[in-house]
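Engineer: For reference, the structure I am asking about is given below.
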Amino acid sequence: MDENQRKILETVIVEFNNKGMKFTMDDVAKDLHMSKKTIYKEFGDKEDLFNKMVDYCFSSIKEKEAEILSDPNLTTVERISKLLICLPDNYQHIDFRKIYQVKDKYPHIYARVAQRLENDWEDTIALLQQGMDEGVIKKMPIPVIKLVVEASIEKFLTSEVLIETGTNYEEALDIMIEMLMNGIAVDK
């Protein structure tokens with residue numbers, strides 16, 4: 001990906017965060033001080049742009065996961081917790097709660113998001129197994145853990161509940177991982 005494409009994608013992320021699906025290519029062009037023609041030279045249409053944005057975001061997530069996995073200062077449990085809710089630092093400001101808008105208008109793009117959520121679990125599965133082998137997390141079927149995390153994230157992305165409750169996406173992930181790692185019972 002060249003620098004021009006990266007700038008366009010970063011601007012689309014900002015516009016999506018601000019306006020959801022209502023942003024226009026004119027908005028992106030204005031922000032970048034370039035013509036729509038230049039944008040369409042890089043990306044065939046809005047759907048192509050969104051597909052590339054999904055890949056770009058998930059590639060950034062994979063890079064952040066690699067950082068977490070290689071951090072010698074984290075325990076296995078800390079790595080698991082951070083890996084399951086991994087978001088790159090530069091995406092902390094994105095309002096992922098608006099992804100539900102994509103599901104209806106661009107079902108192929110939403111399917112791509114769902115597919116990316118379901119794939120690339122090898123490192124996480126290995127880390128979960130390591131935690132079980134070390135005795136720092138309970139032994140339970142890893143496919144069930146994976147399903148719980150995927151289902152939670154997918155529901156966060158496809159529902160207006162977070163917006164209605166005033167819970168941002170990062171807070172929802174923190175609540176999910178807290179429940180997963182520590183349960184909901186109060187210690188007495």
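The way I read the labels, and the way they are meant: chains A, B, ... in the order of the structure tokens, residue 1 as the first residue of every chain, and ligand 1 as the first ligand shown, with later ones counted on from there.
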List every residue of range 100-154 of chain A that has an atom at most 7 Å from any atom of range 67-90 of chain A, giving for each one its closest atom pair and the distance in Å to one decimal, counting only C-alpha atoms, sorted by chain and then by ascending residue number, as a tab-separated table.

Structural biologist:
residue	atom	partner	partner_atom	distance
A:Thr124	CA	A:Leu83	CA	6.9
A:Leu127	CA	A:Ile80	CA	6.6
A:Leu128	CA	A:Ile80	CA	6.7
A:Gly131	CA	A:Thr76	CA	6.1
A:Val136	CA	A:Val77	CA	6.9

Engineer: Just asking: which residues within range 19-178 of chain A are helix (DSSP H, G or I) according to DSSP, as a ChimeraX atom specification?

Structural biologist: /A:19-22,25-32,36-42,46-70,76-84,89-91,96-105,107-118,122-134,142-158,161-165,169-178

Engineer: Please compute the CA of Asp27 in chain A-CA of Gly44 in chain A distance, one decimal, in Å.

Structural biologist: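 Going from CA of Asp27 in chain A over to CA of Gly44 in chain A, I get 16.9 Å.
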
Engineer: So that I can see what lies close to Ile99 in chain A, please list as number ranges by chain the residues with an atom at most 8 Å from it, counting only C-alpha atoms and leaving out residues fewer than 6 positions away in the same chain.

Structural biologist: A: 20, 157-158

Engineer: Between CA of Lys41 in chain A and CA of Leu117 in chain A, what is the distance in Å, rounded to a tenth?

Structural biologist: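 Answer for the CA of Lys41 in chain A to CA of Leu117 in chain A separation: 29.2 Å.
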
Engineer: Between A:Phe96, A:Ala29, A:Met140, A:Val113, single out the one closest to Ile125 in chain A, counting only C-alpha atoms.

Structural biologist: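 Going through A:Phe96, A:Ala29, A:Met140, A:Val113 one by one, the smallest distance to Ile125 in chain A is for A:Met140.
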
Engineer: Could you pull the residues within 12 Å of Lys103 in chain A, counting only C-alpha atoms, minus those fewer than 4 positions along the same chain, as an NGL selection string?

Structural biologist: :A and (21 or 97-99 or 107-114 or 154-155 or 157-159)

Engineer: For Lys30 in chain A, list every protein, DNA or RNA residue within 12 Å, evaluated using only C-alpha atoms, and leave out those in the same chain fewer than 4 positions away; present the list as number ranges by chain.

Structural biologist: A: 8, 11-12, 15, 23-26, 34-36, 38-39

Engineer: Limited to N, CA and C atoms, could you put the picked residues into a file as a PDB file, in the first residue's frame?

Structural biologist:
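Written output follows (result15.pdb):
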ATOM      1  N   ILE A   8      -5.653   8.224   2.336  1.00  0.00           N
ATOM      2  CA  ILE A   8      -7.079   8.149   1.998  1.00  0.00           C
ATOM      3  C   ILE A   8      -7.809   7.267   2.995  1.00  0.00           C
ATOM      4  N   THR A  11      -8.226   8.894   6.346  1.00  0.00           N
ATOM      5  CA  THR A  11      -9.239   9.943   6.273  1.00  0.00           C
ATOM      6  C   THR A  11     -10.646   9.333   6.240  1.00  0.00           C
ATOM      7  N   VAL A  12     -10.809   8.240   5.533  1.00  0.00           N
ATOM      8  CA  VAL A  12     -12.104   7.555   5.508  1.00  0.00           C
ATOM      9  C   VAL A  12     -12.471   7.086   6.915  1.00  0.00           C
ATOM     10  N   GLU A  15     -13.698  10.124   8.785  1.00  0.00           N
ATOM     11  CA  GLU A  15     -15.025  10.515   8.303  1.00  0.00           C
ATOM     12  C   GLU A  15     -16.099   9.518   8.762  1.00  0.00           C
ATOM     13  N   PHE A  23     -21.001   9.747   5.400  1.00  0.00           N
ATOM     14  CA  PHE A  23     -19.917  10.536   4.817  1.00  0.00           C
ATOM     15  C   PHE A  23     -19.904  10.313   3.311  1.00  0.00           C
ATOM     16  N   THR A  24     -19.385  11.305   2.598  1.00  0.00           N
ATOM     17  CA  THR A  24     -19.323  11.217   1.141  1.00  0.00           C
ATOM     18  C   THR A  24     -17.870  11.241   0.684  1.00  0.00           C
ATOM     19  N   MET A  25     -17.668  10.881  -0.557  1.00  0.00           N
ATOM     20  CA  MET A  25     -16.329  10.963  -1.127  1.00  0.00           C
ATOM     21  C   MET A  25     -15.911  12.430  -1.242  1.00  0.00           C
ATOM     22  N   ASP A  26     -16.883  13.324  -1.378  1.00  0.00           N
ATOM     23  CA  ASP A  26     -16.576  14.754  -1.371  1.00  0.00           C
ATOM     24  C   ASP A  26     -15.963  15.158  -0.022  1.00  0.00           C
ATOM     25  N   MET A  34      -7.720  17.041  -2.167  1.00  0.00           N
ATOM     26  CA  MET A  34      -7.474  16.384  -3.449  1.00  0.00           C
ATOM     27  C   MET A  34      -8.804  16.170  -4.143  1.00  0.00           C
ATOM     28  N   SER A  35      -8.737  15.831  -5.399  1.00  0.00           N
ATOM     29  CA  SER A  35      -9.968  15.620  -6.155  1.00  0.00           C
ATOM     30  C   SER A  35     -10.523  14.223  -5.905  1.00  0.00           C
ATOM     31  N   LYS A  36     -11.844  14.109  -6.108  1.00  0.00           N
ATOM     32  CA  LYS A  36     -12.462  12.774  -6.020  1.00  0.00           C
ATOM     33  C   LYS A  36     -11.867  11.862  -7.082  1.00  0.00           C
ATOM     34  N   THR A  38      -8.840  11.649  -8.032  1.00  0.00           N
ATOM     35  CA  THR A  38      -7.612  11.059  -7.488  1.00  0.00           C
ATOM     36  C   THR A  38      -7.948   9.894  -6.561  1.00  0.00           C
ATOM     37  N   ILE A  39      -8.970  10.057  -5.753  1.00  0.00           N
ATOM     38  CA  ILE A  39      -9.391   8.976  -4.849  1.00  0.00           C
ATOM     39  C   ILE A  39      -9.865   7.777  -5.658  1.00  0.00           C
TER      40      ILE A  39
END

Engineer: One decimal, in Å: what's the spacing between CA of Thr167 in chain A and CA of Met179 in chain A?

Structural biologist: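 Value for the CA of Thr167 in chain A-CA of Met179 in chain A distance: 15.8 Å.
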
Engineer: Rank nothing, just name the residue among A:Leu49, A:Cys57, A:Ala151, A:Val14 nearest to Tyr106 in chain A, using only C-alpha atoms.

Structural biologist: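 Under the stated criterion, the closest residue is A:Leu49.
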